[in-house]
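For reference, data-v1.txt (compact mmCIF, C-alpha atoms and all ligand atoms):
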```txt
# COMPACT_ATOMS: atom_id res chain seq x y z
CA MET A 59 2.44 20.91 71.89
CA LYS A 60 5.59 22.90 72.37
CA THR A 61 6.62 26.32 73.63
CA VAL A 62 8.04 29.04 71.41
CA ARG A 63 9.39 32.46 72.21
CA ILE A 64 7.18 35.43 71.40
CA ASN A 65 9.41 36.73 68.65
CA GLU A 66 9.15 33.36 66.89
CA LEU A 67 5.38 33.56 66.66
CA ARG A 68 4.04 34.03 63.14
CA PRO A 69 0.58 34.69 61.74
CA GLY A 70 -0.97 31.36 60.84
CA MET A 71 0.02 29.76 64.14
CA LYS A 72 -2.39 29.20 66.97
CA VAL A 73 -1.77 29.56 70.68
CA VAL A 74 -3.19 26.33 72.13
CA LYS A 75 -3.01 27.00 75.88
CA GLU A 76 -4.28 30.05 77.70
CA VAL A 77 -1.59 32.64 78.39
CA LYS A 78 -1.20 34.34 81.76
CA ASP A 79 1.25 37.00 82.82
CA ALA A 80 3.48 36.84 85.88
CA GLN A 81 0.65 38.16 88.08
CA GLY A 82 -1.59 35.34 86.89
CA MET A 83 -3.81 37.65 84.83
CA LEU A 84 -5.18 36.26 81.60
CA VAL A 85 -3.48 37.59 78.46
CA CYS A 86 -5.39 35.46 75.98
CA PRO A 87 -7.53 32.32 76.10
CA ALA A 88 -6.66 28.96 74.51
CA ASP A 89 -7.00 28.63 70.72
CA THR A 90 -6.20 32.24 69.94
CA PRO A 91 -4.78 32.77 66.46
CA VAL A 92 -1.44 34.60 66.41
CA SER A 93 -1.56 38.22 65.29
CA GLU A 94 0.82 41.15 65.54
CA ARG A 95 -1.50 42.57 68.19
CA LEU A 96 -1.30 39.42 70.28
CA LYS A 97 2.48 39.40 70.06
CA GLU A 98 2.62 43.00 71.17
CA LEU A 99 0.25 42.29 74.05
CA CYS A 100 2.43 39.37 75.22
CA LEU A 101 5.55 41.51 75.04
CA ARG A 102 3.94 44.33 76.95
CA ARG A 103 2.75 41.98 79.67
CA GLY A 104 6.18 40.40 79.98
CA VAL A 105 5.19 36.98 78.62
CA GLU A 106 8.23 35.25 77.17
CA GLU A 107 6.92 31.98 75.80
CA VAL A 108 3.59 30.49 74.76
CA TRP A 109 2.36 27.03 73.79
CA ILE A 110 1.60 26.28 70.16
CA ALA A 111 0.61 23.06 68.38
CA GLU A 112 3.49 20.66 67.63
CA GLU A 113 2.85 20.36 63.88
CA GLN A 114 3.73 24.04 63.41
CA ASP A 115 7.22 22.92 62.73
CA ALA A 116 10.68 24.43 62.69
CA ALA A 117 10.44 25.79 59.15
CA GLU A 118 7.41 27.77 60.14
CA THR A 119 8.86 29.11 63.38
CA ARG A 120 11.93 30.27 61.50
CA GLY A 121 9.77 32.89 59.90
CA THR A 122 8.78 31.61 56.54
CA VAL A 123 7.25 28.51 55.17
CA ARG A 124 9.96 26.72 53.23
CA GLU A 125 10.32 28.21 49.74
CA THR A 126 10.95 26.18 46.64
CA PRO A 127 14.18 26.95 44.73
CA GLU A 128 12.12 28.60 42.00
CA GLN A 129 10.41 30.83 44.55
CA ILE A 130 13.76 31.84 46.00
CA ARG A 131 15.12 32.75 42.58
CA LYS A 132 12.02 34.71 41.68
CA ARG A 133 11.97 36.61 44.98
CA VAL A 134 15.65 37.56 44.74
CA ARG A 135 15.35 38.64 41.09
CA GLU A 136 12.39 40.83 41.94
CA LYS A 137 14.27 42.54 44.74
CA PHE A 138 17.25 43.21 42.47
CA ALA A 139 15.17 44.31 39.49
CA PRO A 140 15.72 48.09 39.91
CA TYR A 141 19.51 47.63 39.93
CA MET A 142 20.14 45.09 37.19
CA GLU A 143 21.73 47.59 34.83
CA ASP A 144 24.70 47.82 37.15
CA PRO A 145 26.99 44.87 36.35
CA VAL A 146 28.10 44.58 39.99
CA MET A 147 24.51 44.29 41.17
CA ALA A 148 23.62 41.90 38.34
CA ARG A 149 26.44 39.62 39.45
CA LEU A 150 25.50 40.00 43.09
CA CYS A 151 21.96 38.97 42.18
CA GLU A 152 23.27 35.69 40.75
CA LEU A 153 25.53 35.13 43.74
CA ALA A 154 22.72 35.83 46.21
CA GLN A 155 20.50 33.26 44.52
CA GLU A 156 23.24 30.64 44.70
CA TYR A 157 23.98 31.48 48.31
CA LEU A 158 20.37 31.32 49.45
CA LEU A 159 19.75 28.06 47.59
CA ARG A 160 22.83 26.53 49.20
CA ARG A 161 21.72 27.75 52.63
CA GLU A 162 18.26 26.32 52.11
CA GLU A 163 19.73 22.90 51.32
CA MET A 164 21.64 22.77 54.58
CA MET B 97 8.94 62.22 69.59
CA LYS B 98 10.83 63.85 66.74
CA ILE B 99 14.53 64.47 67.11
CA ARG B 100 15.73 67.82 65.82
CA ASN B 101 19.26 67.67 67.07
CA PRO B 102 20.73 64.17 67.16
CA ARG B 103 23.79 65.34 69.07
CA GLU B 104 21.72 66.68 71.93
CA PHE B 105 19.57 63.60 71.74
CA VAL B 106 22.47 61.18 72.31
CA ARG B 107 23.73 63.36 75.13
CA ASP B 108 20.40 63.35 76.91
CA ILE B 109 19.06 59.85 76.34
CA GLU B 110 17.53 58.65 79.57
CA GLY B 111 19.21 55.53 80.84
CA LEU B 112 21.87 55.36 78.13
CA PRO B 113 24.73 53.55 79.83
CA THR B 114 27.97 55.48 79.92
CA LEU B 115 31.13 53.88 78.67
CA PRO B 116 32.59 51.76 81.44
CA ASN B 117 35.31 53.43 83.41
CA LEU B 118 37.64 50.56 82.73
CA TYR B 119 37.36 51.08 78.99
CA THR B 120 38.15 54.80 79.29
CA ARG B 121 41.25 54.11 81.38
CA PHE B 122 42.26 51.36 79.02
CA ARG B 123 41.94 53.71 76.03
CA GLN B 124 44.13 56.33 77.67
CA LYS B 125 46.85 53.73 78.18
CA ILE B 126 46.53 52.43 74.62
CA TYR B 127 47.05 55.94 73.21
CA ASP B 128 49.97 56.63 75.54
CA PRO B 129 53.18 55.87 73.62
CA LYS B 130 54.96 55.07 76.87
CA SER B 131 52.62 52.20 77.72
CA SER B 132 53.86 48.63 77.69
CA ALA B 133 51.84 45.47 77.12
CA ASN B 134 52.09 44.83 80.86
CA ASP B 135 50.59 48.25 81.74
CA ILE B 136 47.64 47.53 79.52
CA ALA B 137 47.22 43.97 80.74
CA GLU B 138 47.14 45.27 84.29
CA ILE B 139 44.14 47.50 83.61
CA ILE B 140 42.24 44.79 81.77
CA SER B 141 42.91 42.24 84.49
CA ALA B 142 40.59 44.17 86.81
CA ASP B 143 37.67 42.77 84.83
CA GLN B 144 37.62 38.99 84.59
CA ALA B 145 34.82 39.01 82.03
CA ILE B 146 36.93 41.08 79.63
CA VAL B 147 39.96 38.88 80.28
CA SER B 148 37.99 35.78 79.43
CA ASN B 149 36.51 37.39 76.30
CA ILE B 150 39.92 38.45 75.04
CA LEU B 151 41.34 34.99 75.54
CA LYS B 152 38.29 33.39 73.96
CA ILE B 153 38.62 35.59 70.87
CA ALA B 154 42.42 35.33 70.70
CA ASN B 155 42.16 31.54 70.71
CA SER B 156 39.27 31.35 68.26
CA ALA B 157 39.10 31.02 64.49
CA PHE B 158 38.84 34.83 64.38
CA TYR B 159 42.64 34.79 64.51
CA GLY B 160 43.36 31.16 63.78
CA PHE B 161 46.69 31.18 65.63
CA SER B 162 48.28 27.77 65.88
CA ARG B 163 49.67 28.31 69.39
CA ARG B 164 47.50 28.68 72.46
CA ILE B 165 47.42 32.14 74.01
CA SER B 166 47.04 31.81 77.74
CA SER B 167 47.56 35.31 79.13
CA VAL B 168 46.34 38.79 78.32
CA THR B 169 49.89 40.11 78.06
CA HIS B 170 50.66 37.43 75.51
CA ALA B 171 47.49 38.30 73.61
CA ILE B 172 48.44 41.99 73.53
CA VAL B 173 51.93 41.22 72.26
CA ILE B 174 50.64 38.92 69.52
CA ILE B 175 47.57 40.93 68.49
CA GLY B 176 49.02 44.41 68.94
CA PHE B 177 47.66 47.53 70.62
CA ASN B 178 45.27 48.54 67.86
CA GLY B 179 43.83 45.05 67.52
CA ILE B 180 43.33 44.62 71.24
CA HIS B 181 41.78 48.07 71.46
CA HIS B 182 39.10 47.10 68.98
CA ILE B 183 38.43 43.76 70.62
CA VAL B 184 37.89 45.45 73.99
CA LEU B 185 35.85 48.22 72.39
CA ASN B 186 33.48 46.00 70.46
CA THR B 187 32.95 43.47 73.25
CA THR B 188 32.20 46.37 75.61
CA VAL B 189 29.62 47.95 73.31
CA VAL B 190 27.96 44.67 72.38
CA LYS B 191 27.61 43.80 76.05
CA MET B 192 25.98 47.17 76.74
CA PHE B 193 23.28 46.67 74.12
CA SER B 194 22.62 42.98 73.61
CA GLY B 195 19.34 41.24 72.78
CA GLN B 196 15.68 41.77 73.56
CA THR B 197 12.42 42.08 71.69
CA GLN B 198 10.36 45.12 70.73
CA GLY B 199 7.07 45.18 68.85
CA GLY B 200 7.64 41.68 67.54
CA PHE B 201 11.10 42.56 66.28
CA ASP B 202 14.08 40.81 67.74
CA LEU B 203 17.14 43.00 68.39
CA SER B 204 19.38 40.00 67.85
CA ARG B 205 18.43 40.10 64.17
CA ILE B 206 19.98 43.57 63.85
CA TRP B 207 23.07 42.26 65.63
CA GLU B 208 23.14 39.27 63.30
CA HIS B 209 23.08 41.67 60.34
CA SER B 210 25.83 43.71 62.00
CA LEU B 211 27.97 40.65 62.72
CA GLY B 212 27.47 39.45 59.14
CA THR B 213 28.58 42.84 57.85
CA ALA B 214 31.55 42.80 60.24
CA ALA B 215 32.64 39.30 59.24
CA ILE B 216 32.45 40.06 55.51
CA ALA B 217 34.19 43.41 56.09
CA LYS B 218 36.99 41.57 57.88
CA TYR B 219 37.38 39.21 54.92
CA ILE B 220 37.47 42.11 52.45
CA ALA B 221 39.98 44.00 54.64
CA LYS B 222 42.29 40.98 54.65
CA LYS B 223 41.85 40.58 50.91
CA LYS B 224 42.88 44.22 50.53
CA GLU B 225 45.82 43.50 52.83
CA GLN B 226 44.64 46.04 55.35
CA LYS B 227 46.59 45.58 58.55
CA ASN B 228 43.82 47.02 60.71
CA PHE B 229 41.30 44.28 60.02
CA GLU B 230 40.05 44.28 63.63
CA GLU B 231 39.24 47.95 63.21
CA VAL B 232 37.33 47.30 59.99
CA PHE B 233 35.53 44.42 61.70
CA THR B 234 34.50 46.73 64.55
CA ALA B 235 33.39 49.41 62.09
CA GLY B 236 31.13 46.78 60.51
CA LEU B 237 29.82 45.59 63.86
CA LEU B 238 28.84 49.11 64.93
CA HIS B 239 27.73 50.58 61.58
CA ASP B 240 24.03 50.30 62.48
CA ILE B 241 24.37 51.14 66.18
CA GLY B 242 21.90 54.00 65.59
CA LYS B 243 19.17 51.40 64.93
CA VAL B 244 19.99 49.73 68.23
CA ILE B 245 19.65 53.09 69.99
CA VAL B 246 16.24 53.79 68.46
CA PHE B 247 15.18 50.23 69.28
CA LYS B 248 16.21 50.51 72.91
CA TYR B 249 15.49 54.12 73.81
CA LEU B 250 12.64 55.12 71.50
CA PRO B 251 10.59 51.90 71.53
CA ASP B 252 7.34 53.53 70.41
CA GLU B 253 9.04 55.25 67.51
CA PHE B 254 10.83 52.02 66.63
CA ARG B 255 7.51 50.22 66.45
CA ALA B 256 6.11 52.97 64.23
CA VAL B 257 9.19 52.74 62.00
CA MET B 258 8.78 48.98 61.60
CA GLU B 259 5.11 49.36 60.84
CA ARG B 260 5.82 51.91 58.14
CA VAL B 261 8.50 49.67 56.66
CA ARG B 262 6.06 46.78 56.54
CA GLU B 263 3.13 48.75 55.19
CA GLU B 264 4.89 50.98 52.67
CA ASN B 265 7.78 48.68 51.79
CA ILE B 266 10.29 51.53 52.08
CA PRO B 267 13.90 51.48 53.32
CA ILE B 268 14.21 51.71 57.10
CA LYS B 269 16.22 54.94 56.71
CA GLU B 270 13.26 56.65 55.09
CA ALA B 271 10.85 55.40 57.73
CA GLU B 272 13.22 56.61 60.46
CA ALA B 273 13.49 60.03 58.91
CA ARG B 274 9.73 60.32 58.95
CA GLU B 275 9.01 58.85 62.37
CA VAL B 276 12.09 59.94 64.32
CA GLY B 277 13.15 63.00 62.38
CA VAL B 278 16.67 61.69 61.77
CA ASP B 279 17.89 58.30 60.61
CA HIS B 280 20.16 55.74 62.27
CA THR B 281 23.27 56.90 60.42
CA GLU B 282 23.06 60.35 62.05
CA ILE B 283 22.26 58.95 65.47
CA GLY B 284 25.09 56.41 65.20
CA LYS B 285 27.54 59.05 64.08
CA CYS B 286 26.70 61.36 66.96
CA LEU B 287 26.84 58.60 69.55
CA LEU B 288 30.22 57.27 68.43
CA GLU B 289 31.58 60.81 68.23
CA GLU B 290 30.28 61.53 71.69
CA TRP B 291 32.13 58.45 72.90
CA LYS B 292 35.27 59.61 71.11
CA PHE B 293 35.56 56.38 69.18
CA PRO B 294 38.09 56.09 66.35
CA GLU B 295 37.34 58.08 63.21
CA SER B 296 36.88 54.97 61.04
CA LEU B 297 34.00 53.78 63.23
CA VAL B 298 32.32 57.19 63.25
CA ARG B 299 32.59 57.47 59.48
CA ALA B 300 31.37 53.94 58.81
CA ALA B 301 28.29 54.61 60.97
CA ALA B 302 27.70 57.94 59.22
CA TYR B 303 28.40 57.07 55.59
CA HIS B 304 27.93 53.33 55.07
CA ASP B 305 25.05 54.06 52.69
CA ASN B 306 26.73 56.99 51.04
CA PRO B 307 30.50 56.35 51.09
CA VAL B 308 31.18 59.22 48.68
CA LEU B 309 30.72 61.58 51.61
CA ALA B 310 33.57 60.03 53.58
CA LYS B 311 36.48 62.29 52.88
CA GLU B 312 38.74 60.34 55.20
CA LYS B 313 38.90 56.65 56.05
CA LYS B 314 37.46 56.03 52.63
CA THR B 315 38.82 52.51 52.35
CA GLU B 316 37.32 51.43 55.67
CA VAL B 317 33.98 53.06 54.85
CA SER B 318 33.91 51.55 51.36
CA ILE B 319 34.62 48.10 52.77
CA VAL B 320 31.80 48.39 55.31
CA HIS B 321 29.52 49.70 52.57
CA LEU B 322 30.18 46.71 50.31
CA ALA B 323 29.92 44.27 53.22
CA ASN B 324 26.56 45.78 54.19
CA VAL B 325 25.29 45.46 50.60
CA ILE B 326 26.33 41.78 50.49
CA THR B 327 24.88 41.00 53.93
CA ARG B 328 21.52 42.40 52.87
CA ALA B 329 21.62 40.62 49.53
CA PHE B 330 22.44 37.32 51.27
CA GLU B 331 19.72 37.88 53.88
CA ILE B 332 21.97 37.44 56.89
CA GLY B 333 20.04 38.75 59.89
CA SER B 334 17.91 41.81 59.23
CA GLY B 335 18.81 45.34 58.26
CA GLY B 336 15.29 46.35 59.35
CA ASP B 337 13.72 46.14 55.91
CA ASP B 338 14.03 43.40 53.29
CA LEU B 339 15.15 45.67 50.47
CA ILE B 340 18.34 45.51 48.48
CA SER B 341 20.75 48.36 48.92
CA PRO B 342 22.76 49.11 45.78
CA CYS B 343 26.54 49.11 45.65
CA ASN B 344 27.96 52.58 45.23
CA GLU B 345 30.07 52.91 42.08
CA ASP B 346 32.56 55.26 43.65
CA ALA B 347 33.17 52.90 46.58
CA TRP B 348 33.51 49.93 44.25
CA ASN B 349 36.06 51.77 42.12
CA HIS B 350 37.90 52.94 45.20
CA LEU B 351 38.35 49.33 46.27
CA GLY B 352 39.59 48.48 42.79
CA PHE B 353 37.72 45.19 42.59
CA ALA B 354 36.70 43.23 39.51
CA LEU B 355 33.61 41.03 39.28
CA GLU B 356 35.77 37.99 40.02
CA ASP B 357 36.59 39.53 43.39
CA LEU B 358 32.90 39.62 44.17
CA ASP B 359 32.70 35.91 43.31
CA ASP B 360 35.61 35.28 45.65
CA ILE B 361 34.03 37.24 48.51
CA ALA B 362 30.71 35.45 48.03
CA ALA B 363 32.45 32.09 48.08
CA HIS B 364 34.03 32.95 51.44
CA VAL B 365 30.98 34.34 53.22
CA ASP B 366 30.21 31.20 55.23
CA GLU B 367 33.83 30.77 56.21
CA ALA B 368 33.97 34.43 57.27
CA LEU B 369 30.86 33.95 59.40
CA ARG B 370 32.32 30.86 61.04
CA GLU B 371 35.54 32.70 61.83
CA CYS B 372 33.58 35.36 63.68
CA ALA B 373 31.12 33.04 65.39
CA VAL B 374 32.85 33.59 68.73
CA PHE B 375 31.19 37.03 68.85
CA LYS B 376 27.76 35.42 68.74
CA ASP B 377 28.27 34.07 72.27
CA LEU B 378 29.04 37.56 73.51
CA MET B 379 25.73 38.83 72.14
CA GLY B 380 23.74 36.49 74.39
FE FE A 401 22.46 51.16 57.97
FE FE A 402 23.41 47.77 57.82
```

What does the file become when written as structure tokens?
Ligand SMILES: [Fe+2]
Ligand SMILES: [Fe+2]
Amino acid sequence: MKTVRINELRPGMKVVKEVKDAQGMLVCPADTPVSERLKELCLRRGVEEVWIAEEQDAAETRGTVRETPEQIRKRVREKFAPYMEDPVMARLCELAQEYLLRREEM
Amino acid sequence: MKIRNPREFVRDIEGLPTLPNLYTRFRQKIYDPKSSANDIAEIISADQAIVSNILKIANSAFYGFSRRISSVTHAIVIIGFNGIHHIVLNTTVVKMFSGQTQGGFDLSRIWEHSLGTAAIAKYIAKKKEQKNFEEVFTAGLLHDIGKVIVFKYLPDEFRAVMERVREENIPIKEAEAREVGVDHTEIGKCLLEEWKFPESLVRAAAYHDNPVLAKEKKTEVSIVHLANVITRAFEIGSGGDDLISPCNEDAWNHLGFALEDLDDIAAHVDEALRECAVFKDLMG
């Protein structure tokens, strides 16, 4: 088990310990799956951190499950697709792929 | 709430902090041709936090000086009035509006996007041999300040904007226009004007998506525009939505770059970010 900040919670995670606000009022019981609604509730009640299971590792808490290089390339190309006729954007598309792949390796 | 008049809105925002007195006095001295480095240092010395920030930045990779700068007066002499003005200005603003969370969105991600834009803008400014690189850096850092204002002072609208962005996959500007009535570029422009900030900062906030409209300070605005495009493409922080924003042809031509220059800028992005890392501490 480990604690994470509310803004690091992602759908797919599970809160493993019951959450109480500063007044000791229950926000959610143990084993509640993370949803946008739950995050909002925590924020509104002033909860800063919650407990999640340990195996939901760093890659997941960073926001996305680790992408493969091919997935990165595909995602970037799709985003750039409407602009590829512009040579500057076409080059930037290549550079962005290289940059993101390099960053993923680190 | 829908904003009809962004100027009135920024004037009347409940709880919007006013510019610190010290900054206003400092600015008067900076613009006064009779001021000496000592006069200016004297004003700054009233605030130890600003003193320590200036020394931290002056001795960081942001400048990369080989000799240690140990006093504010020394920093002013070495960095110059304009440079020191922008350092004080941007540290002041960043301190006023640093991190928190709203509707599952972390404000620090907007700041990370802004710092990325600022760092890349600084690199481009130096490449273009612009002397006022601190000013261009600051223009980058504050270009999306309107988003920060919506985030902090219209939290319900901000949440609605983010929901629309997620559900409809549209640019944040469009979602803002629909939910708030005006977008962050108009709010940012009005706020920075209200604060009487330098023209380059006002114009970068107003026209970073549409640099053709900047009749003056076109170089600064074009640099921030390109830096913003690259920061989004390289997914540094979050501009609010995950979409690509296209590079404006007019701005590109104004900068006179070739594709090889884009390669060069891309190759220096990480270095540029490292050079500006000192500002990350200030954002808390
Ligand atoms: Fe923007
Ligand atoms: Fe931006």

Point-to-point distance in Å for CA of Gly104 in chain A and CA of Pro113 in chain B =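 Computing the Euclidean distance for CA of Pro113 in chain B and CA of Gly104 in chain A yields 22.7 Å.
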
request  = Pull out every residue of chain B that has at least one atom within 8 Å of chain A, counting all atoms listed in the file, and report them as a list in words.
outcome  =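 Here is what falls inside 8 Å: Thr197, Gln198, Gly199, Gly200, Phe201, Asp202, Ile326, Ala329, Phe330, Glu331, Leu339, Ile340, Pro342, Cys343, Leu355, Leu358, Asp359 and Ala362 of chain B.
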
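Considering only C-alpha atoms and all ligand atoms, every residue of the polymer chains approaching ligand FE 402 (chain A) to 8 Å or closer is listed here: His209, Ser210, Thr213, His239, Asp240, His304, Asn324, Val325, Thr327, Arg328 and Gly335 of chain B.
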
Let me have all residues with an atom within 12 Å of ligand FE 401 (chain A), counting only C-alpha atoms and all ligand atoms, laid out as a JSON list (two decimals) with C-alpha atoms, in the coordinates of the input.
```json
[["chain", "number", "residue", "atom", "x", "y", "z"],
["B", 206, "ILE", "CA", 19.98, 43.57, 63.85],
["B", 207, "TRP", "CA", 23.07, 42.26, 65.63],
["B", 209, "HIS", "CA", 23.08, 41.67, 60.34],
["B", 210, "SER", "CA", 25.83, 43.71, 62.00],
["B", 213, "THR", "CA", 28.58, 42.84, 57.85],
["B", 235, "ALA", "CA", 33.39, 49.41, 62.09],
["B", 236, "GLY", "CA", 31.13, 46.78, 60.51],
["B", 237, "LEU", "CA", 29.82, 45.59, 63.86],
["B", 238, "LEU", "CA", 28.84, 49.11, 64.93],
["B", 239, "HIS", "CA", 27.73, 50.58, 61.58],
["B", 240, "ASP", "CA", 24.03, 50.30, 62.48],
["B", 241, "ILE", "CA", 24.37, 51.14, 66.18],
["B", 242, "GLY", "CA", 21.90, 54.00, 65.59],
["B", 243, "LYS", "CA", 19.17, 51.40, 64.93],
["B", 244, "VAL", "CA", 19.99, 49.73, 68.23],
["B", 267, "PRO", "CA", 13.90, 51.48, 53.32],
["B", 268, "ILE", "CA", 14.21, 51.71, 57.10],
["B", 269, "LYS", "CA", 16.22, 54.94, 56.71],
["B", 270, "GLU", "CA", 13.26, 56.65, 55.09],
["B", 272, "GLU", "CA", 13.22, 56.61, 60.46],
["B", 279, "ASP", "CA", 17.89, 58.30, 60.61],
["B", 280, "HIS", "CA", 20.16, 55.74, 62.27],
["B", 281, "THR", "CA", 23.27, 56.90, 60.42],
["B", 282, "GLU", "CA", 23.06, 60.35, 62.05],
["B", 283, "ILE", "CA", 22.26, 58.95, 65.47],
["B", 284, "GLY", "CA", 25.09, 56.41, 65.20],
["B", 285, "LYS", "CA", 27.54, 59.05, 64.08],
["B", 300, "ALA", "CA", 31.37, 53.94, 58.81],
["B", 301, "ALA", "CA", 28.29, 54.61, 60.97],
["B", 302, "ALA", "CA", 27.70, 57.94, 59.22],
["B", 303, "TYR", "CA", 28.40, 57.07, 55.59],
["B", 304, "HIS", "CA", 27.93, 53.33, 55.07],
["B", 305, "ASP", "CA", 25.05, 54.06, 52.69],
["B", 306, "ASN", "CA", 26.73, 56.99, 51.04],
["B", 307, "PRO", "CA", 30.50, 56.35, 51.09],
["B", 320, "VAL", "CA", 31.80, 48.39, 55.31],
["B", 321, "HIS", "CA", 29.52, 49.70, 52.57],
["B", 322, "LEU", "CA", 30.18, 46.71, 50.31],
["B", 323, "ALA", "CA", 29.92, 44.27, 53.22],
["B", 324, "ASN", "CA", 26.56, 45.78, 54.19],
["B", 325, "VAL", "CA", 25.29, 45.46, 50.60],
["B", 327, "THR", "CA", 24.88, 41.00, 53.93],
["B", 328, "ARG", "CA", 21.52, 42.40, 52.87],
["B", 334, "SER", "CA", 17.91, 41.81, 59.23],
["B", 335, "GLY", "CA", 18.81, 45.34, 58.26],
["B", 336, "GLY", "CA", 15.29, 46.35, 59.35],
["B", 337, "ASP", "CA", 13.72, 46.14, 55.91],
["B", 339, "LEU", "CA", 15.15, 45.67, 50.47],
["B", 340, "ILE", "CA", 18.34, 45.51, 48.48],
["B", 341, "SER", "CA", 20.75, 48.36, 48.92]]
```

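Note that CA of Lys224 in chain B and CA of Ala133 in chain B are 28.1 Å apart.
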
request  = Pick out the closest residue to His181 in chain B from this set: B:Ile146, B:Ile245, B:Ile165, B:Val308. Count all atoms listed in the file.
outcome  =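 Of all the options, B:Ile146 lies closest to His181 in chain B.
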
inquiry  = I want to know what sits within 9 Å of Ala368 in chain B, based on only C-alpha atoms, with residues of the same chain fewer than 3 positions away left out; could you give that as a list of chain:residue names?
reply    = B:Phe158, B:Gly212, B:Ala215, B:Ile216, B:Lys218, B:Tyr219, B:His364, B:Val365, B:Glu371, B:Cys372, B:Ala373

Do you know which residues are at most 6 Å from range 72-74 of chain A counting all atoms listed in the file, after dropping those on the same chain fewer than 6 positions away, and could you put them as a compact mmCIF listing (two decimals) with C-alpha atoms, keeping the file's coordinate frame?
```
# COMPACT_ATOMS: atom_id res chain seq x y z
CA ALA A 88 -6.66 28.96 74.51
CA ASP A 89 -7.00 28.63 70.72
CA THR A 90 -6.20 32.24 69.94
CA PRO A 91 -4.78 32.77 66.46
CA VAL A 92 -1.44 34.60 66.41
CA TRP A 109 2.36 27.03 73.79
CA ILE A 110 1.60 26.28 70.16
```

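Note that CA of Ala154 in chain B and CA of His170 in chain B are 9.8 Å apart.
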
Take range 176-180 of chain B, model all heavy atoms, and hand the result over as a PDB file, in the coordinates of the input.
```pdb
ATOM      1  N   GLY B 176      48.649  43.010  69.120  1.00  0.00           N
ATOM      2  CA  GLY B 176      49.020  44.410  68.940  1.00  0.00           C
ATOM      3  C   GLY B 176      48.040  45.346  69.635  1.00  0.00           C
ATOM      4  O   GLY B 176      46.909  44.956  69.924  1.00  0.00           O
ATOM      5  N   PHE B 177      48.486  46.571  69.876  1.00  0.00           N
ATOM      6  CA  PHE B 177      47.660  47.530  70.620  1.00  0.00           C
ATOM      7  C   PHE B 177      46.365  47.863  69.898  1.00  0.00           C
ATOM      8  O   PHE B 177      45.302  47.898  70.477  1.00  0.00           O
ATOM      9  CB  PHE B 177      48.442  48.837  70.876  1.00  0.00           C
ATOM     10  CG  PHE B 177      49.419  48.742  72.010  1.00  0.00           C
ATOM     11  CD1 PHE B 177      49.855  47.509  72.480  1.00  0.00           C
ATOM     12  CD2 PHE B 177      49.924  49.888  72.612  1.00  0.00           C
ATOM     13  CE1 PHE B 177      50.753  47.410  73.530  1.00  0.00           C
ATOM     14  CE2 PHE B 177      50.826  49.816  73.657  1.00  0.00           C
ATOM     15  CZ  PHE B 177      51.253  48.579  74.117  1.00  0.00           C
ATOM     16  N   ASN B 178      46.474  48.127  68.591  1.00  0.00           N
ATOM     17  CA  ASN B 178      45.270  48.540  67.860  1.00  0.00           C
ATOM     18  C   ASN B 178      44.246  47.402  67.831  1.00  0.00           C
ATOM     19  O   ASN B 178      43.059  47.613  68.081  1.00  0.00           O
ATOM     20  CB  ASN B 178      45.627  48.981  66.442  1.00  0.00           C
ATOM     21  CG  ASN B 178      44.476  49.728  65.791  1.00  0.00           C
ATOM     22  OD1 ASN B 178      43.893  50.637  66.372  1.00  0.00           O
ATOM     23  ND2 ASN B 178      44.108  49.315  64.584  1.00  0.00           N
ATOM     24  N   GLY B 179      44.734  46.200  67.552  1.00  0.00           N
ATOM     25  CA  GLY B 179      43.830  45.050  67.520  1.00  0.00           C
ATOM     26  C   GLY B 179      43.149  44.843  68.848  1.00  0.00           C
ATOM     27  O   GLY B 179      41.919  44.673  68.915  1.00  0.00           O
ATOM     28  N   ILE B 180      43.910  44.884  69.913  1.00  0.00           N
ATOM     29  CA  ILE B 180      43.330  44.620  71.240  1.00  0.00           C
ATOM     30  C   ILE B 180      42.362  45.749  71.619  1.00  0.00           C
ATOM     31  O   ILE B 180      41.327  45.495  72.226  1.00  0.00           O
ATOM     32  CB  ILE B 180      44.442  44.420  72.305  1.00  0.00           C
ATOM     33  CG1 ILE B 180      44.019  43.356  73.327  1.00  0.00           C
ATOM     34  CG2 ILE B 180      44.767  45.674  73.071  1.00  0.00           C
ATOM     35  CD1 ILE B 180      44.171  41.965  72.918  1.00  0.00           C
TER      36      ILE B 180
END
```
